[in-house]
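This report refers to the structure that appears directly beneath it.
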Amino acid sequence: MTGSLAEGLVCIDCGAAHPLAYRLECERCHGLLELRYDLARLATAGPAAFAGTGLWRYAPVLPIADPAHRVTLGEGGTPLLDCPRLARALGVRRLLLKYDGPNPTGTVKDRSSTTAIAAALQFGYRVTSVVSSGNAGSSIAAYSARAGLRALIFAYERASAPKLLHMAATTPDLVIYQGVYDDLIVHWDRLVEEKLFFDCGASRNAYKHEGKKTLAYEIAEQTGWVPPDVVVAPVAVGETFIATARGFGELTRAGLIPRAPLMVAAQATRANAVVRAFRDGTAIAPLKIGYTVAEGLAAGNPGRKGEWVLRLLREGQGLAGDAEDEEILEAQRRLARTEGVWAGPTGVATLAVLTKLLAGKRLDPAQTICTIISETGLKTEAELPSRAGTAFDYESLRRLVTERLGA
Ligand SMILES: [Zn+2]
């Protein structure tokens with residue numbers, strides 16, 4: 001199957017149906033929209049509906065009709081790593097990492113960038129834009145360049161040096177903004193209404209976040225269509241969490257998997273508006289936030305998507321947890337040393353949260369737990385180890401090696 005099974009957009013609040021167009025909210029109630037597909041046809045076709053490799057293997061459940069618009073840099077198809085050493089250290093029976101660092105720009109954002117830029121082409125736009133802490137900016141810039149589109153990227157002033165370098169290399173239109181994401185997004189989201197550029201932001205565009213749904217499809221396929229009991233996903237605005245939950249929901253309704261995993265939302269404690277609301281049983285109260293090492297999670301006001309995450313958590317009996325910066329950095333070191341996976345702080349916040357939930361006995365350790373690790377560590381900025389070198393001759397080299405190895 002090479003076409004798309006997308007049928008339309010549906011309001012998540014009032015249920016009103018809308019045709020497949022570039023529309024960011026419900027005409028009737030201003031609610032967020034989600035894409036709907038012909039899942040009966042998916043059920044009939046089964047896994048045979050999916051052909052080829054990478055993210056576009058799942059083209060039937062993505063909203064891009066014309067294969068010519070499916071701009072790609074080779075995203076998706078990332079590994080699902082069984083991590084027995086780390087599982088033992090955390091006291092859980094089986095731990096799987098869905099490691100998205102191998103994507104073309106080193107982040108899960110490539111999944112949503114490929115569908116965002118494909119949608120920009122589909123709807124005839126020549127300019128794209130996004131507000132970013134670094135990962136989304138470099139990803140949208142790269143995919144825009146690949147499609148021959150102009151990208152106006154607004155980047156966080158405290159973005160890491162490698163992320164800034166990457167953005168500056170891939171677009172001439174890089175603008176640095178002061179403050180945090182929340183400070184600019186409120187104005188930028190208003191500007192979207194003027195249709196000067198295609199909305200590549202995380203707040204509303206259903207076409208953009210749809211690409212991240214393939215996380216669920218890949219995890220399901222990589223586990224032989226019997227997904228893990230629990231999936232831990234990061235939440236800034238909620239795009240990855242919502243898209244993954246939607247993917248498992250579609251797979252369940254199409255009968256491709258027996259049941260959807262329990263979803264866990266992971267945030268940085270310094271930007272934990274969703275976790276607080278979940279814990280207190282309230283609506284989300286936006287937070288005034290500062291810096292967190294998990295810079296991709298630095299959103300204090302997740303807006304309507306945050307409310308959507310809460311709804312999914314409450315409906316699915318999910319869990320939510322947060323981790324302090326030091327716990328996130330500890331998880332980063334531990335993951336590198338025990339399993340050889342060097343992920344960035346934004347990427348390992350999920351692992352830090354999982355570690356705490358297991359220690360607090362809030363998850364059953366007899367279950368199979370999958371954690372999404374959303375970014376590579378290669379774009380991290382941190383203090384360098386000492387560069388002080390030693391001049392060796394044979395004897396001093398031999399002495400060092402035998403001493404180190406205790407031989
Ligand atoms: Zn509505």
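If you're wondering about the labels, chains in the structure tokens are A, B, ... by order shown, residues count from 1 in each chain, ligands from 1 in order shown.
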| Contacts with ligand 1 at most 8 Å, only C-alpha atoms and all ligand atoms counted, listed as a VMD selection string | chain A and resid 10 to 16 25 to 33
Output file for the selection above: N, CA, C and O atoms, as a CSV table (one decimal), in the first residue's frame:
```csv
chain,number,residue,atom,x,y,z
A,10,VAL,N,-10.6,15.5,12.9
A,10,VAL,CA,-11.7,15.5,13.9
A,10,VAL,C,-11.3,16.3,15.1
A,10,VAL,O,-10.1,16.2,15.6
A,11,CYS,N,-12.2,17.1,15.6
A,11,CYS,CA,-11.9,17.9,16.8
A,11,CYS,C,-11.9,17.0,18.0
A,11,CYS,O,-12.8,16.2,18.2
A,12,ILE,N,-10.8,17.2,18.8
A,12,ILE,CA,-10.7,16.3,20.0
A,12,ILE,C,-11.7,16.7,21.1
A,12,ILE,O,-11.9,16.0,22.1
A,13,ASP,N,-12.2,17.9,21.0
A,13,ASP,CA,-13.2,18.4,22.1
A,13,ASP,C,-14.6,18.1,21.7
A,13,ASP,O,-15.3,17.5,22.5
A,14,CYS,N,-15.1,18.6,20.5
A,14,CYS,CA,-16.5,18.5,20.2
A,14,CYS,C,-16.8,17.4,19.2
A,14,CYS,O,-18.0,17.1,18.9
A,15,GLY,N,-15.7,16.8,18.6
A,15,GLY,CA,-16.0,15.7,17.7
A,15,GLY,C,-16.3,16.1,16.3
A,15,GLY,O,-16.6,15.2,15.4
A,16,ALA,N,-16.4,17.4,16.0
A,16,ALA,CA,-16.8,17.9,14.6
A,16,ALA,C,-15.7,17.4,13.6
A,16,ALA,O,-14.5,17.4,13.9
A,25,GLU,N,-7.3,24.4,13.9
A,25,GLU,CA,-8.2,24.2,15.0
A,25,GLU,C,-9.6,24.0,14.5
A,25,GLU,O,-9.9,24.3,13.4
A,26,CYS,N,-10.5,23.6,15.4
A,26,CYS,CA,-11.9,23.3,15.1
A,26,CYS,C,-12.6,24.6,14.8
A,26,CYS,O,-12.5,25.6,15.5
A,27,GLU,N,-13.4,24.6,13.6
A,27,GLU,CA,-14.2,25.8,13.3
A,27,GLU,C,-15.2,26.1,14.3
A,27,GLU,O,-15.6,27.3,14.6
A,28,ARG,N,-15.8,25.1,14.9
A,28,ARG,CA,-16.9,25.3,15.8
A,28,ARG,C,-16.5,25.7,17.2
A,28,ARG,O,-17.1,26.6,17.8
A,29,CYS,N,-15.4,25.1,17.7
A,29,CYS,CA,-15.1,25.3,19.2
A,29,CYS,C,-13.7,25.7,19.4
A,29,CYS,O,-13.2,25.8,20.6
A,30,HIS,N,-12.8,25.8,18.4
A,30,HIS,CA,-11.4,26.1,18.5
A,30,HIS,C,-10.6,25.0,19.1
A,30,HIS,O,-9.5,25.3,19.6
A,31,GLY,N,-11.2,23.8,19.3
A,31,GLY,CA,-10.4,22.7,19.8
A,31,GLY,C,-9.3,22.2,18.9
A,31,GLY,O,-9.3,22.6,17.7
A,32,LEU,N,-8.4,21.5,19.4
A,32,LEU,CA,-7.3,20.9,18.6
A,32,LEU,C,-7.9,19.8,17.7
A,32,LEU,O,-8.9,19.1,18.0
A,33,LEU,N,-7.2,19.6,16.6
A,33,LEU,CA,-7.7,18.6,15.6
A,33,LEU,C,-6.7,17.4,15.6
A,33,LEU,O,-5.5,17.6,15.8
```
| task | Could you give me, as number ranges by chain, each residue of stretch 110-331 of chain A that DSSP assigns to alpha helix (DSSP H) when run on this structure's backbone? | result | A: 110-122, 135-147, 161-170, 181-192, 206-210, 214-222, 239-253, 273-280, 303-315, 325-331
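For A:Ala68, the non-local neighbours within 10 Å, defined as residues at least 5 positions apart in the same chain or in other chains and counting only C-alpha atoms, are Ala118, Leu121 and Gln122 of chain A.
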Residues from the last selection, N, CA and C atoms, saved as a compact mmCIF listing (two decimals), in the first residue's frame:
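Output (selection.txt):
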```txt
# COMPACT_ATOMS: atom_id res chain seq x y z
N ALA A 118 6.72 17.77 4.48
CA ALA A 118 5.90 17.14 3.43
C ALA A 118 4.54 17.83 3.34
N LEU A 121 4.79 21.18 1.61
CA LEU A 121 4.78 20.99 0.15
C LEU A 121 3.36 20.67 -0.33
N GLN A 122 2.70 19.79 0.40
CA GLN A 122 1.34 19.37 0.02
C GLN A 122 0.39 20.56 -0.07
```
Please identify all polymer residues within 10 Å of A:Leu354, counting only C-alpha atoms, omitting same-chain residues fewer than 6 positions from it, and present them as a PDB file with N, CA, C and O atoms, in the first residue's frame.
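Dumped to result-v2.pdb:
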```
ATOM      1  N   LEU A  90      18.314  -1.396  37.528  1.00  0.00           N
ATOM      2  CA  LEU A  90      17.077  -0.726  37.947  1.00  0.00           C
ATOM      3  C   LEU A  90      16.095  -1.678  38.619  1.00  0.00           C
ATOM      4  O   LEU A  90      15.066  -1.256  39.132  1.00  0.00           O
ATOM      5  N   VAL A 231       5.192   2.243  28.291  1.00  0.00           N
ATOM      6  CA  VAL A 231       6.064   3.091  27.472  1.00  0.00           C
ATOM      7  C   VAL A 231       6.208   4.448  28.168  1.00  0.00           C
ATOM      8  O   VAL A 231       5.208   5.088  28.506  1.00  0.00           O
ATOM      9  N   VAL A 232       7.450   4.864  28.386  1.00  0.00           N
ATOM     10  CA  VAL A 232       7.733   6.152  29.019  1.00  0.00           C
ATOM     11  C   VAL A 232       8.111   7.149  27.927  1.00  0.00           C
ATOM     12  O   VAL A 232       9.046   6.913  27.158  1.00  0.00           O
ATOM     13  N   ALA A 233       7.367   8.253  27.855  1.00  0.00           N
ATOM     14  CA  ALA A 233       7.595   9.255  26.803  1.00  0.00           C
ATOM     15  C   ALA A 233       7.823  10.629  27.429  1.00  0.00           C
ATOM     16  O   ALA A 233       7.210  10.963  28.447  1.00  0.00           O
ATOM     17  N   VAL A 264       3.490   6.521  30.321  1.00  0.00           N
ATOM     18  CA  VAL A 264       4.044   7.328  31.417  1.00  0.00           C
ATOM     19  C   VAL A 264       4.586   8.625  30.834  1.00  0.00           C
ATOM     20  O   VAL A 264       5.368   8.600  29.881  1.00  0.00           O
ATOM     21  N   ALA A 265       4.173   9.755  31.400  1.00  0.00           N
ATOM     22  CA  ALA A 265       4.660  11.064  30.956  1.00  0.00           C
ATOM     23  C   ALA A 265       5.835  11.491  31.826  1.00  0.00           C
ATOM     24  O   ALA A 265       5.744  11.466  33.053  1.00  0.00           O
ATOM     25  N   ALA A 266       6.943  11.871  31.185  1.00  0.00           N
ATOM     26  CA  ALA A 266       8.151  12.251  31.920  1.00  0.00           C
ATOM     27  C   ALA A 266       8.490  13.712  31.653  1.00  0.00           C
ATOM     28  O   ALA A 266       8.542  14.151  30.508  1.00  0.00           O
ATOM     29  N   ALA A 320       2.606   9.777  35.671  1.00  0.00           N
ATOM     30  CA  ALA A 320       3.457  10.907  35.317  1.00  0.00           C
ATOM     31  C   ALA A 320       4.498  11.095  36.403  1.00  0.00           C
ATOM     32  O   ALA A 320       4.227  10.848  37.581  1.00  0.00           O
ATOM     33  N   GLY A 321       5.705  11.479  35.991  1.00  0.00           N
ATOM     34  CA  GLY A 321       6.761  11.714  36.971  1.00  0.00           C
ATOM     35  C   GLY A 321       7.753  12.735  36.447  1.00  0.00           C
ATOM     36  O   GLY A 321       7.774  13.047  35.251  1.00  0.00           O
ATOM     37  N   ASP A 322       8.555  13.282  37.362  1.00  0.00           N
ATOM     38  CA  ASP A 322       9.553  14.264  36.947  1.00  0.00           C
ATOM     39  C   ASP A 322      10.897  13.947  37.582  1.00  0.00           C
ATOM     40  O   ASP A 322      10.991  13.143  38.499  1.00  0.00           O
ATOM     41  N   ALA A 323      11.951  14.582  37.067  1.00  0.00           N
ATOM     42  CA  ALA A 323      13.301  14.349  37.586  1.00  0.00           C
ATOM     43  C   ALA A 323      14.066  15.667  37.625  1.00  0.00           C
ATOM     44  O   ALA A 323      13.933  16.501  36.731  1.00  0.00           O
ATOM     45  N   ALA A 331      21.408   9.845  35.137  1.00  0.00           N
ATOM     46  CA  ALA A 331      20.858   8.853  34.196  1.00  0.00           C
ATOM     47  C   ALA A 331      21.664   8.853  32.893  1.00  0.00           C
ATOM     48  O   ALA A 331      21.907   7.802  32.289  1.00  0.00           O
ATOM     49  N   VAL A 348      17.346  11.690  28.011  1.00  0.00           N
ATOM     50  CA  VAL A 348      17.368  10.706  29.106  1.00  0.00           C
ATOM     51  C   VAL A 348      16.473  11.090  30.291  1.00  0.00           C
ATOM     52  O   VAL A 348      16.434  10.365  31.275  1.00  0.00           O
ATOM     53  N   GLY A 360      10.366   4.067  43.723  1.00  0.00           N
ATOM     54  CA  GLY A 360       9.212   4.387  44.551  1.00  0.00           C
ATOM     55  C   GLY A 360       8.108   3.341  44.462  1.00  0.00           C
ATOM     56  O   GLY A 360       7.005   3.545  44.975  1.00  0.00           O
ATOM     57  N   ARG A 362       6.201   2.457  42.067  1.00  0.00           N
ATOM     58  CA  ARG A 362       4.977   2.911  41.399  1.00  0.00           C
ATOM     59  C   ARG A 362       4.764   2.176  40.086  1.00  0.00           C
ATOM     60  O   ARG A 362       3.762   2.388  39.408  1.00  0.00           O
ATOM     61  N   LEU A 363       5.735   1.335  39.703  1.00  0.00           N
ATOM     62  CA  LEU A 363       5.587   0.498  38.513  1.00  0.00           C
ATOM     63  C   LEU A 363       5.932  -0.935  38.895  1.00  0.00           C
ATOM     64  O   LEU A 363       6.785  -1.177  39.754  1.00  0.00           O
ATOM     65  N   ILE A 369       9.223  -2.857  30.177  1.00  0.00           N
ATOM     66  CA  ILE A 369       9.097  -1.403  30.121  1.00  0.00           C
ATOM     67  C   ILE A 369       9.968  -0.853  28.991  1.00  0.00           C
ATOM     68  O   ILE A 369      11.127  -1.235  28.851  1.00  0.00           O
ATOM     69  N   CYS A 370       9.384   0.020  28.189  1.00  0.00           N
ATOM     70  CA  CYS A 370      10.114   0.664  27.094  1.00  0.00           C
ATOM     71  C   CYS A 370      10.226   2.160  27.379  1.00  0.00           C
ATOM     72  O   CYS A 370       9.247   2.803  27.725  1.00  0.00           O
ATOM     73  N   THR A 371      11.435   2.673  27.234  1.00  0.00           N
ATOM     74  CA  THR A 371      11.669   4.098  27.448  1.00  0.00           C
ATOM     75  C   THR A 371      12.131   4.729  26.142  1.00  0.00           C
ATOM     76  O   THR A 371      13.049   4.219  25.501  1.00  0.00           O
TER      77      THR A 371
END
```
Every residue of stretch 245-371 of chain A that DSSP places in strand (DSSP E or B), as a CSV table (one decimal) with all heavy atoms, in the first residue's frame:
```csv
chain,number,residue,atom,x,y,z
A,262,LEU,N,0.6,0.9,28.8
A,262,LEU,CA,0.3,2.0,29.7
A,262,LEU,C,1.4,3.1,29.5
A,262,LEU,O,2.5,2.8,29.3
A,262,LEU,CB,0.5,1.5,31.2
A,262,LEU,CG,0.3,2.5,32.3
A,262,LEU,CD1,-0.6,1.9,33.4
A,262,LEU,CD2,1.6,2.9,32.9
A,263,MET,N,0.9,4.4,29.3
A,263,MET,CA,1.8,5.4,29.0
A,263,MET,C,2.2,6.2,30.3
A,263,MET,O,1.4,6.5,31.1
A,263,MET,CB,1.1,6.4,28.0
A,263,MET,CG,0.8,5.8,26.7
A,263,MET,SD,2.2,5.5,25.6
A,263,MET,CE,2.9,7.2,25.4
A,264,VAL,N,3.5,6.5,30.3
A,264,VAL,CA,4.0,7.3,31.4
A,264,VAL,C,4.6,8.6,30.8
A,264,VAL,O,5.4,8.6,29.9
A,264,VAL,CB,5.2,6.6,32.1
A,264,VAL,CG1,5.8,7.5,33.2
A,264,VAL,CG2,4.7,5.3,32.7
A,265,ALA,N,4.2,9.8,31.4
A,265,ALA,CA,4.7,11.1,31.0
A,265,ALA,C,5.8,11.5,31.8
A,265,ALA,O,5.7,11.5,33.1
A,265,ALA,CB,3.5,12.1,31.1
A,266,ALA,N,6.9,11.9,31.2
A,266,ALA,CA,8.2,12.3,31.9
A,266,ALA,C,8.5,13.7,31.7
A,266,ALA,O,8.5,14.2,30.5
A,266,ALA,CB,9.3,11.4,31.5
A,267,GLN,N,8.7,14.5,32.7
A,267,GLN,CA,9.1,15.9,32.6
A,267,GLN,C,10.3,16.2,33.5
A,267,GLN,O,10.7,15.4,34.4
A,267,GLN,CB,7.9,16.8,33.1
A,267,GLN,CG,6.7,16.7,32.1
A,267,GLN,CD,5.8,17.9,32.3
A,267,GLN,OE1,5.2,18.1,33.4
A,267,GLN,NE2,5.7,18.7,31.3
A,268,ALA,N,11.0,17.3,33.2
A,268,ALA,CA,12.0,17.8,34.1
A,268,ALA,C,11.3,18.5,35.2
A,268,ALA,O,10.3,19.2,35.0
A,268,ALA,CB,12.9,18.8,33.3
A,319,LEU,N,0.7,7.2,34.1
A,319,LEU,CA,1.4,7.7,35.2
A,319,LEU,C,2.2,8.9,34.7
A,319,LEU,O,2.5,9.0,33.5
A,319,LEU,CB,2.4,6.7,35.7
A,319,LEU,CG,2.0,5.6,36.7
A,319,LEU,CD1,3.2,4.7,37.0
A,319,LEU,CD2,1.5,6.3,38.0
A,320,ALA,N,2.6,9.8,35.7
A,320,ALA,CA,3.5,10.9,35.3
A,320,ALA,C,4.5,11.1,36.4
A,320,ALA,O,4.2,10.8,37.6
A,320,ALA,CB,2.6,12.2,35.2
A,321,GLY,N,5.7,11.5,36.0
A,321,GLY,CA,6.8,11.7,37.0
A,321,GLY,C,7.8,12.7,36.4
A,321,GLY,O,7.8,13.0,35.3
A,322,ASP,N,8.6,13.3,37.4
A,322,ASP,CA,9.6,14.3,36.9
A,322,ASP,C,10.9,13.9,37.6
A,322,ASP,O,11.0,13.1,38.5
A,322,ASP,CB,9.1,15.7,37.3
A,322,ASP,CG,8.8,15.9,38.8
A,322,ASP,OD1,9.2,15.0,39.6
A,322,ASP,OD2,8.1,16.8,39.1
A,323,ALA,N,12.0,14.6,37.1
A,323,ALA,CA,13.3,14.3,37.6
A,323,ALA,C,14.1,15.7,37.6
A,323,ALA,O,13.9,16.5,36.7
A,323,ALA,CB,14.0,13.3,36.7
A,343,ALA,N,23.3,9.6,25.2
A,343,ALA,CA,22.1,10.4,24.8
A,343,ALA,C,22.2,11.8,25.6
A,343,ALA,O,22.9,11.9,26.6
A,343,ALA,CB,20.9,9.7,25.3
A,368,THR,N,7.5,-5.6,31.2
A,368,THR,CA,8.4,-5.1,30.2
A,368,THR,C,8.2,-3.6,29.9
A,368,THR,O,7.1,-3.2,29.6
A,368,THR,CB,8.2,-5.9,28.8
A,368,THR,OG1,8.5,-7.2,29.1
A,368,THR,CG2,9.1,-5.3,27.7
A,369,ILE,N,9.2,-2.9,30.2
A,369,ILE,CA,9.1,-1.4,30.1
A,369,ILE,C,10.0,-0.9,29.0
A,369,ILE,O,11.1,-1.2,28.9
A,369,ILE,CB,9.5,-0.8,31.5
A,369,ILE,CG1,8.6,-1.3,32.6
A,369,ILE,CG2,9.5,0.8,31.4
A,369,ILE,CD1,8.9,-0.8,34.0
A,370,CYS,N,9.4,0.0,28.2
A,370,CYS,CA,10.1,0.7,27.1
A,370,CYS,C,10.2,2.2,27.4
A,370,CYS,O,9.2,2.8,27.7
A,370,CYS,CB,9.4,0.4,25.8
A,370,CYS,SG,10.1,1.4,24.4
A,371,THR,N,11.4,2.7,27.2
A,371,THR,CA,11.7,4.1,27.4
A,371,THR,C,12.1,4.7,26.1
A,371,THR,O,13.0,4.2,25.5
A,371,THR,CB,12.7,4.3,28.5
A,371,THR,OG1,12.2,3.8,29.8
A,371,THR,CG2,13.1,5.7,28.7
```
Please, which residues in stretch 302-397 of chain A fall within 8 Å of stretch 159-177 of chain A when counting only C-alpha atoms, and what is the closest atom pair and distance in Å to one decimal for each, ordered by chain then residue number, as CSV?
```
residue,atom,partner,partner_atom,distance
A:Lys379,CA,A:Pro162,CA,5.1
A:Thr380,CA,A:Ser160,CA,6.3
A:Glu381,CA,A:Ser160,CA,5.4
```
Go ahead and save the residues from that selection, with all heavy atoms, as a PDB file, in the first residue's frame.
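Result file is result_17.pdb:
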```pdb
ATOM      1  N   LYS A 379      25.155  16.223  20.621  1.00  0.00           N
ATOM      2  CA  LYS A 379      24.892  17.664  20.526  1.00  0.00           C
ATOM      3  C   LYS A 379      24.800  18.302  21.915  1.00  0.00           C
ATOM      4  O   LYS A 379      24.290  19.387  22.078  1.00  0.00           O
ATOM      5  CB  LYS A 379      23.616  17.909  19.718  1.00  0.00           C
ATOM      6  CG  LYS A 379      23.824  17.573  18.240  1.00  0.00           C
ATOM      7  CD  LYS A 379      22.515  17.434  17.492  1.00  0.00           C
ATOM      8  CE  LYS A 379      22.154  18.686  16.761  1.00  0.00           C
ATOM      9  NZ  LYS A 379      20.984  18.492  15.860  1.00  0.00           N
ATOM     10  N   THR A 380      25.322  17.575  22.918  1.00  0.00           N
ATOM     11  CA  THR A 380      25.322  18.077  24.292  1.00  0.00           C
ATOM     12  C   THR A 380      26.504  19.004  24.510  1.00  0.00           C
ATOM     13  O   THR A 380      27.583  18.771  23.988  1.00  0.00           O
ATOM     14  CB  THR A 380      25.459  16.887  25.278  1.00  0.00           C
ATOM     15  OG1 THR A 380      24.394  15.986  25.055  1.00  0.00           O
ATOM     16  CG2 THR A 380      25.442  17.358  26.720  1.00  0.00           C
ATOM     17  N   GLU A 381      26.278  20.042  25.303  1.00  0.00           N
ATOM     18  CA  GLU A 381      27.371  20.904  25.720  1.00  0.00           C
ATOM     19  C   GLU A 381      27.615  20.630  27.199  1.00  0.00           C
ATOM     20  O   GLU A 381      26.691  20.725  28.003  1.00  0.00           O
ATOM     21  CB  GLU A 381      26.965  22.360  25.534  1.00  0.00           C
ATOM     22  CG  GLU A 381      28.120  23.302  25.454  1.00  0.00           C
ATOM     23  CD  GLU A 381      27.636  24.652  24.937  1.00  0.00           C
ATOM     24  OE1 GLU A 381      26.532  25.072  25.299  1.00  0.00           O
ATOM     25  OE2 GLU A 381      28.362  25.257  24.164  1.00  0.00           O
TER      26      GLU A 381
END
```
| field | Separation of atom CA of A:Leu86 from atom CA of A:Thr338, in Å and rounded to one decimal | value |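 Value for the atom CA of A:Leu86-atom CA of A:Thr338 distance: 6.1 Å.
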| said: Just checking: using only C-alpha atoms, which residue out of A:Pro302, A:Val71, A:Glu307, A:Ala21 ends up closest to A:Val186? | reply: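 Going through A:Pro302, A:Val71, A:Glu307, A:Ala21 one by one, the smallest distance to A:Val186 is for A:Pro302.
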| message | Measuring between only C-alpha atoms, which one of A:Thr355, A:Thr346, A:Ser396, A:Thr292 shows the shortest distance to A:Arg334? | response |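 Comparing A:Thr355, A:Thr346, A:Ser396, A:Thr292 against A:Arg334, the winner is A:Thr355.
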| remark: Of A:Thr115, A:Thr78, A:Thr214, A:Ser4, the one nearest to A:Arg246 when counting only C-alpha atoms is A:Thr214
| Neighbours of A:Thr252 within 12 Å (only C-alpha atoms; same-chain residues fewer than 4 positions away dropped), as number ranges by chain? | A: 39-40, 42-43, 46, 216-217, 220, 225-227, 245-248, 256-261
Generate a file of the selected residues that holds N, CA and C atoms, formatted as a PDB file, in the first residue's frame.
```pdb
ATOM      1  N   LEU A  39      -9.236   2.853   9.326  1.00  0.00           N
ATOM      2  CA  LEU A  39      -8.582   1.771  10.061  1.00  0.00           C
ATOM      3  C   LEU A  39      -9.173   0.403   9.694  1.00  0.00           C
ATOM      4  N   ALA A  40     -10.386   0.408   9.141  1.00  0.00           N
ATOM      5  CA  ALA A  40     -10.960  -0.869   8.687  1.00  0.00           C
ATOM      6  C   ALA A  40     -10.103  -1.438   7.553  1.00  0.00           C
ATOM      7  N   LEU A  42      -6.934  -0.782   7.147  1.00  0.00           N
ATOM      8  CA  LEU A  42      -5.673  -1.205   7.768  1.00  0.00           C
ATOM      9  C   LEU A  42      -5.850  -2.576   8.420  1.00  0.00           C
ATOM     10  N   ALA A  43      -7.003  -2.779   9.049  1.00  0.00           N
ATOM     11  CA  ALA A  43      -7.275  -4.064   9.707  1.00  0.00           C
ATOM     12  C   ALA A  43      -7.302  -5.186   8.684  1.00  0.00           C
ATOM     13  N   GLY A  46      -3.634  -5.632   7.380  1.00  0.00           N
ATOM     14  CA  GLY A  46      -2.686  -6.096   8.397  1.00  0.00           C
ATOM     15  C   GLY A  46      -1.300  -5.510   8.154  1.00  0.00           C
ATOM     16  N   ALA A 216       5.242   4.492  17.801  1.00  0.00           N
ATOM     17  CA  ALA A 216       4.384   3.389  18.252  1.00  0.00           C
ATOM     18  C   ALA A 216       4.385   2.247  17.223  1.00  0.00           C
ATOM     19  N   TYR A 217       4.288   2.604  15.950  1.00  0.00           N
ATOM     20  CA  TYR A 217       4.273   1.565  14.912  1.00  0.00           C
ATOM     21  C   TYR A 217       5.590   0.784  14.899  1.00  0.00           C
ATOM     22  N   ALA A 220       5.829  -1.444  18.046  1.00  0.00           N
ATOM     23  CA  ALA A 220       4.931  -2.593  17.894  1.00  0.00           C
ATOM     24  C   ALA A 220       5.534  -3.623  16.935  1.00  0.00           C
ATOM     25  N   TRP A 225       4.521  -7.296  17.222  1.00  0.00           N
ATOM     26  CA  TRP A 225       3.120  -6.877  17.389  1.00  0.00           C
ATOM     27  C   TRP A 225       2.557  -7.253  18.759  1.00  0.00           C
ATOM     28  N   VAL A 226       3.449  -7.428  19.742  1.00  0.00           N
ATOM     29  CA  VAL A 226       3.028  -7.549  21.141  1.00  0.00           C
ATOM     30  C   VAL A 226       3.836  -6.511  21.915  1.00  0.00           C
ATOM     31  N   PRO A 227       3.342  -5.264  21.961  1.00  0.00           N
ATOM     32  CA  PRO A 227       4.163  -4.181  22.513  1.00  0.00           C
ATOM     33  C   PRO A 227       4.420  -4.331  24.003  1.00  0.00           C
ATOM     34  N   ALA A 245       0.862   7.755  21.924  1.00  0.00           N
ATOM     35  CA  ALA A 245      -0.385   7.193  22.453  1.00  0.00           C
ATOM     36  C   ALA A 245      -1.401   7.001  21.321  1.00  0.00           C
ATOM     37  N   ARG A 246      -1.491   7.971  20.407  1.00  0.00           N
ATOM     38  CA  ARG A 246      -2.421   7.843  19.283  1.00  0.00           C
ATOM     39  C   ARG A 246      -2.041   6.657  18.404  1.00  0.00           C
ATOM     40  N   GLY A 247      -0.733   6.476  18.181  1.00  0.00           N
ATOM     41  CA  GLY A 247      -0.278   5.347  17.357  1.00  0.00           C
ATOM     42  C   GLY A 247      -0.700   4.015  17.954  1.00  0.00           C
ATOM     43  N   PHE A 248      -0.483   3.850  19.250  1.00  0.00           N
ATOM     44  CA  PHE A 248      -0.892   2.595  19.895  1.00  0.00           C
ATOM     45  C   PHE A 248      -2.410   2.447  19.863  1.00  0.00           C
ATOM     46  N   LEU A 256      -4.113  -4.823  15.186  1.00  0.00           N
ATOM     47  CA  LEU A 256      -2.737  -5.250  14.917  1.00  0.00           C
ATOM     48  C   LEU A 256      -1.976  -5.594  16.194  1.00  0.00           C
ATOM     49  N   ILE A 257      -2.418  -5.016  17.331  1.00  0.00           N
ATOM     50  CA  ILE A 257      -1.824  -5.376  18.633  1.00  0.00           C
ATOM     51  C   ILE A 257      -2.966  -5.696  19.594  1.00  0.00           C
ATOM     52  N   PRO A 258      -2.689  -6.573  20.589  1.00  0.00           N
ATOM     53  CA  PRO A 258      -3.775  -6.979  21.501  1.00  0.00           C
ATOM     54  C   PRO A 258      -4.221  -5.863  22.436  1.00  0.00           C
ATOM     55  N   ARG A 259      -3.307  -4.994  22.856  1.00  0.00           N
ATOM     56  CA  ARG A 259      -3.676  -3.910  23.773  1.00  0.00           C
ATOM     57  C   ARG A 259      -2.603  -2.834  23.721  1.00  0.00           C
ATOM     58  N   ALA A 260      -3.005  -1.620  24.081  1.00  0.00           N
ATOM     59  CA  ALA A 260      -2.053  -0.502  24.091  1.00  0.00           C
ATOM     60  C   ALA A 260      -1.270  -0.510  25.404  1.00  0.00           C
ATOM     61  N   PRO A 261       0.004  -0.136  25.374  1.00  0.00           N
ATOM     62  CA  PRO A 261       0.776  -0.064  26.618  1.00  0.00           C
ATOM     63  C   PRO A 261       0.263   1.043  27.536  1.00  0.00           C
TER      64      PRO A 261
END
```
| message | Between A:Lys208, A:Lys109, A:Arg94, A:Arg85, which residue has the minimum interatomic distance to A:Leu35, considering only C-alpha atoms? | response |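 Among the listed residues, A:Lys208 lies closest to A:Leu35.
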| message | For a test of reading the model, state the distance in Å between atom CA of A:Arg279 and atom CA of A:Arg311, rounded to one decimal. | response |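 Interatomic distance here is 13.0 Å.
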| message | Report as number ranges by chain all protein, DNA and RNA residues lying within 9 Å of A:Pro60, evaluated on only C-alpha atoms, omitting residues in the same chain fewer than 4 positions from it. | response | A: 1-6, 37, 42, 49-50, 56, 64-65
| Which of these, A:Gln367, A:Thr128, A:Ser112, A:Gln317, has the shortest distance to A:Glu239 once you count only C-alpha atoms? |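 Closest to A:Glu239, using only C-alpha atoms: A:Ser112.
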